[in-house]
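*Asks:* Structure provided below as structure tokens; questions to follow.
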Amino acid sequence: MIASIAKFRLSANMNRLLLVLSVLGLLTLIAGLFTTPERIWPNFLISFYYLTGLGLGAGMFIALQYITNAGWSTALRRIPEAITATLPFAALGSLALIFGIHTLYEWSHHAVIAEDNILQDKSAWLNEPFFIARTVGYFVLWIVMSKILVRNSVKQDENGDVIYTKRNVRNSVFFIILGVYTFCLASVDWLMSLQPHWYSTVFGWLNLSGMFLNALAAMVVIVVILRHVGYKHIFTTEHLHDLGRLLMAFSFFWVYMWVSQHMLIWYSNIPEETSYYIFRHFGGWGSLSFLNVILNWLIPFLMLLPRATKRSDKVMLQAAIILLIGHWLDLYIMVMPSIFGAVPVFGIWEIGTFVGMLAGFFWVVFRTLGKQNLVPVKDPYLVESLPELQHM
């Protein structure tokens, strides 16, 4: 049985489709940089942050499974491991983002700082050299720690030594602690500083919940696709059910953090804080804010509440796609009002960059899945994840 599922190959048609969409997204990005840079840089920020969250969220999923000694997810581990392969591409995006700093962030203009006492007080943190250094540091940490987890997992396939599992349990503790802390800081740097006069102590946790939920949704899409092409005996209905429960749980966690931030700001009624929601709950943004909660919580909750739907490929795929779109909308609402004010903008620049980024993401993941065994064949917990192996 293990030999029959050792390798995965992306079909030629799927490979071609993902490559074409990726190239079209890249061409849209390049064209936008020359024709409307003030429009394309916010979209680039959204796509870059989205891709970063997918890679880091997958790494945290792996780490959580090791820390909790979870056995049910062992057969699935190659999927989040492959997703972490997108982190280096996100790192390249962070370097490109440097060229858009002056378009996106008002604190990057010396003339603005000179006339603003608040920005002067924050300049020790919000300045270009330190901003760039922090961004590079974040990715070095995330990539190195995810590579360590993946490397030990792959090495275990060679001899089955349990020492690799023990090492990853220890390494995962550091991954979770440092990953959570640095991602919260990164969300402040890349998103919250778009409105440098505004602040929220919940903002990092809100983005952390959205990041992990989105990574789970991407995993569900990949699992359903693999089941569809003939791997139902590996990625079982039980695995799908467990992922569905996690999807619904973290959808609740996201809406809890969303309401927490909203209620704290509404209750305190401090002008510096309420400015964030004045833009986003009125005018053209009001309906999008309402839709944001619908897509990221209400619809997935209603879809996944029955046990049967969490065991259905079709329903799980639909719920995951809704959440993938919902997370993009969540980031869109965080970024765009800071740039364009009260009037939402939506067109080819938004669609093209997002679709291209998502296609590139799936292309990298599926190509990476083909480089190793599709499951960790000598992991000591594999039998717990695939009980039928006990009878072979």
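Just remember, in the structure tokens the first chain shown is A, the second B, etc., residues are 1-based per chain, and ligands are 1-based in the order shown.
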Excluding Leu264 in chain A and any residue of its chain fewer than 4 positions from it, enumerate the residues within 12 Å of it, using only C-alpha atoms, and give them as a list of chain:residue names.
*Replies:*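 Result of the neighbour search: A:Tyr199, A:Ser200, A:Thr201, A:Val202, A:Phe203, A:Met257, A:Trp258, A:Val259, A:Ser260, A:Ser268, A:Asn269, A:Ile270, A:Glu273, A:Thr274, A:Tyr277.
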*Asks:* Go ahead and save the picked residues with N, CA and C atoms, as an mmCIF file, in the first residue's frame.
*Replies:*
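Heads up, here's the output in out02.cif:
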data_model
loop_
_atom_site.group_PDB
_atom_site.id
_atom_site.type_symbol
_atom_site.label_atom_id
_atom_site.label_comp_id
_atom_site.auth_asym_id
_atom_site.auth_seq_id
_atom_site.Cartn_x
_atom_site.Cartn_y
_atom_site.Cartn_z
ATOM 1 N N TYR A 199 -4.280 52.403 16.477
ATOM 2 C CA TYR A 199 -3.642 51.251 17.113
ATOM 3 C C TYR A 199 -4.702 50.364 17.739
ATOM 4 N N SER A 200 -4.355 49.083 17.847
ATOM 5 C CA SER A 200 -5.252 48.113 18.474
ATOM 6 C C SER A 200 -4.408 46.997 19.066
ATOM 7 N N THR A 201 -4.669 46.657 20.317
ATOM 8 C CA THR A 201 -3.926 45.577 20.970
ATOM 9 C C THR A 201 -4.408 44.202 20.510
ATOM 10 N N VAL A 202 -5.527 44.156 19.791
ATOM 11 C CA VAL A 202 -6.095 42.887 19.327
ATOM 12 C C VAL A 202 -5.698 42.597 17.884
ATOM 13 N N PHE A 203 -5.155 43.582 17.198
ATOM 14 C CA PHE A 203 -4.927 43.489 15.758
ATOM 15 C C PHE A 203 -4.063 42.285 15.381
ATOM 16 N N MET A 257 -12.250 37.151 17.656
ATOM 17 C CA MET A 257 -11.247 38.213 17.672
ATOM 18 C C MET A 257 -11.768 39.452 16.947
ATOM 19 N N TRP A 258 -12.522 39.251 15.882
ATOM 20 C CA TRP A 258 -13.088 40.385 15.132
ATOM 21 C C TRP A 258 -14.045 41.177 16.026
ATOM 22 N N VAL A 259 -14.933 40.484 16.727
ATOM 23 C CA VAL A 259 -15.883 41.138 17.620
ATOM 24 C C VAL A 259 -15.147 41.767 18.803
ATOM 25 N N SER A 260 -14.116 41.103 19.303
ATOM 26 C CA SER A 260 -13.359 41.640 20.439
ATOM 27 C C SER A 260 -12.746 42.989 20.095
ATOM 28 N N SER A 268 -14.741 51.929 24.255
ATOM 29 C CA SER A 268 -13.858 53.001 24.740
ATOM 30 C C SER A 268 -14.171 54.332 24.074
ATOM 31 N N ASN A 269 -14.605 54.292 22.804
ATOM 32 C CA ASN A 269 -15.043 55.502 22.088
ATOM 33 C C ASN A 269 -13.958 56.597 22.081
ATOM 34 N N ILE A 270 -12.722 56.158 21.838
ATOM 35 C CA ILE A 270 -11.606 57.099 21.724
ATOM 36 C C ILE A 270 -11.452 57.492 20.255
ATOM 37 N N GLU A 273 -9.042 55.727 17.954
ATOM 38 C CA GLU A 273 -9.327 54.323 17.663
ATOM 39 C C GLU A 273 -10.547 54.169 16.759
ATOM 40 N N THR A 274 -11.578 54.966 16.991
ATOM 41 C CA THR A 274 -12.805 54.824 16.202
ATOM 42 C C THR A 274 -12.621 55.231 14.748
ATOM 43 N N TYR A 277 -12.878 52.340 12.222
ATOM 44 C CA TYR A 277 -14.184 51.796 11.845
ATOM 45 C C TYR A 277 -15.086 52.829 11.192
#
*Asks:* Report as a list of chain:residue names all protein, DNA and RNA residues lying within 6 Å of range 315-328 of chain A, evaluated on only C-alpha atoms, omitting residues in the same chain fewer than 4 positions from it.
*Replies:*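 Within the cut-off, the hits are A:Asn214, A:Ala217, A:Val221, A:Leu295, A:Asn296, A:Pro300, A:Thr309.
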*Asks:* For CA of Val162 in chain A and CA of Ser385 in chain A, determine how far apart the two atoms are, in Å to one decimal place.
*Replies:* 16.3 Å
*Asks:* Can you build me a table of range 224-292 of chain A residues sitting at most 8 Å from range 64-85 of chain A, with the closest atom pair per residue and its distance in Å to one decimal, using only C-alpha atoms, sorted by chain and residue number, as JSON lines?
*Replies:*
{"residue": "A:Ile234", "atom": "CA", "partner": "A:Ala75", "partner_atom": "CA", "distance": 6.9}
{"residue": "A:Phe235", "atom": "CA", "partner": "A:Leu76", "partner_atom": "CA", "distance": 6.9}
{"residue": "A:His239", "atom": "CA", "partner": "A:Ser73", "partner_atom": "CA", "distance": 7.1}
*Asks:* Quick one: pull the distance between CA of Ala91 in chain A and CA of Ser146 in chain A, Å, one decimal.
*Replies:*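 Spanning CA of Ala91 in chain A to CA of Ser146 in chain A is a straight-line distance of 13.4 Å.
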*Asks:* If you count only C-alpha atoms, which residues fall within 12 Å of Asn43 in chain A, apart from same-chain ones fewer than 6 positions away, as a ChimeraX atom specification?
*Replies:* /A:25,28-29,32-33,36-37,49-50,97,100,103-104,328-329,331-336,339,345-357
*Asks:* Using only C-alpha atoms, what table do you get, as CSV, when you list each residue of range 187-283 of chain A with an atom no more than 12 Å from range 106-112 of chain A, its nearest pair of atoms, and their distance in Å rounded to one decimal, rows by chain then rising number?
*Replies:*
residue,atom,partner,partner_atom,distance
A:Asp189,CA,A:Trp107,CA,11.2
A:Met192,CA,A:Trp107,CA,11.8
A:Ser193,CA,A:Trp107,CA,8.1
A:Leu194,CA,A:Glu106,CA,7.3
A:Gln195,CA,A:Glu106,CA,8.2
A:Pro196,CA,A:Trp107,CA,7.2
A:His197,CA,A:Trp107,CA,9.9
*Asks:* Could you turn the residues from that selection into a file that holds N, CA and C atoms, as an mmCIF file, in the first residue's frame?
*Replies:*
data_model
loop_
_atom_site.group_PDB
_atom_site.id
_atom_site.type_symbol
_atom_site.label_atom_id
_atom_site.label_comp_id
_atom_site.auth_asym_id
_atom_site.auth_seq_id
_atom_site.Cartn_x
_atom_site.Cartn_y
_atom_site.Cartn_z
ATOM 1 N N ASP A 189 3.506 45.959 11.456
ATOM 2 C CA ASP A 189 4.386 46.657 10.514
ATOM 3 C C ASP A 189 3.730 46.839 9.155
ATOM 4 N N MET A 192 -1.085 47.497 10.055
ATOM 5 C CA MET A 192 -1.580 48.517 10.976
ATOM 6 C C MET A 192 -0.888 49.856 10.757
ATOM 7 N N SER A 193 0.379 49.836 10.320
ATOM 8 C CA SER A 193 1.087 51.101 10.124
ATOM 9 C C SER A 193 0.632 51.840 8.865
ATOM 10 N N LEU A 194 -0.283 51.235 8.095
ATOM 11 C CA LEU A 194 -0.901 51.976 6.990
ATOM 12 C C LEU A 194 -1.675 53.173 7.532
ATOM 13 N N GLN A 195 -2.212 53.041 8.748
ATOM 14 C CA GLN A 195 -2.836 54.144 9.477
ATOM 15 C C GLN A 195 -2.051 54.336 10.776
ATOM 16 N N PRO A 196 -0.923 55.008 10.720
ATOM 17 C CA PRO A 196 0.002 55.029 11.861
ATOM 18 C C PRO A 196 -0.524 55.737 13.099
ATOM 19 N N HIS A 197 -1.618 56.502 12.970
ATOM 20 C CA HIS A 197 -2.196 57.133 14.152
ATOM 21 C C HIS A 197 -3.158 56.206 14.887
#
*Asks:* Would you mind listing what lies within 9 Å of Ser312 in chain A as a list in words, with only C-alpha atoms counted and same-chain residues fewer than 5 positions away left out?
*Replies:*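 Contacts, in chain order: Thr237, Leu240, His241 and Leu317 of chain A.
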*Asks:* With only C-alpha atoms as the atoms that count, which of A:Val375, A:Leu358, A:Glu388, A:Trp254 lies nearest to Val20 in chain A?
*Replies:* A:Leu358
*Asks:* Quick one, how far is CA of Asn159 in chain A from CA of Asn373 in chain A?
*Replies:*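 The value is 13.7 Å.
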*Asks:* Within 10 Å of Glu158 in chain A, counting only C-alpha atoms, which residues show up once you throw out same-chain ones fewer than 3 positions away? Write them as a list in words, please.
*Replies:*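 Contacts, with the query itself left out: Ser153, Val154, Lys155, Asp161, Pro376, Val377 and Lys378 of chain A.
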*Asks:* Using only C-alpha atoms, find the one residue out of A:Met219, A:Leu208, A:Leu10, A:Ile40 that sits nearest to Ile62 in chain A.
*Replies:*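 Among A:Met219, A:Leu208, A:Leu10, A:Ile40, it is A:Met219 that comes nearest to Ile62 in chain A.
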*Asks:* Would you please work out which residue, of A:Thr86, A:Trp198, A:Met211, A:Ala249, is nearest to Leu119 in chain A when using only C-alpha atoms?
*Replies:*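 So, comparing all the options, the nearest one is A:Trp198.
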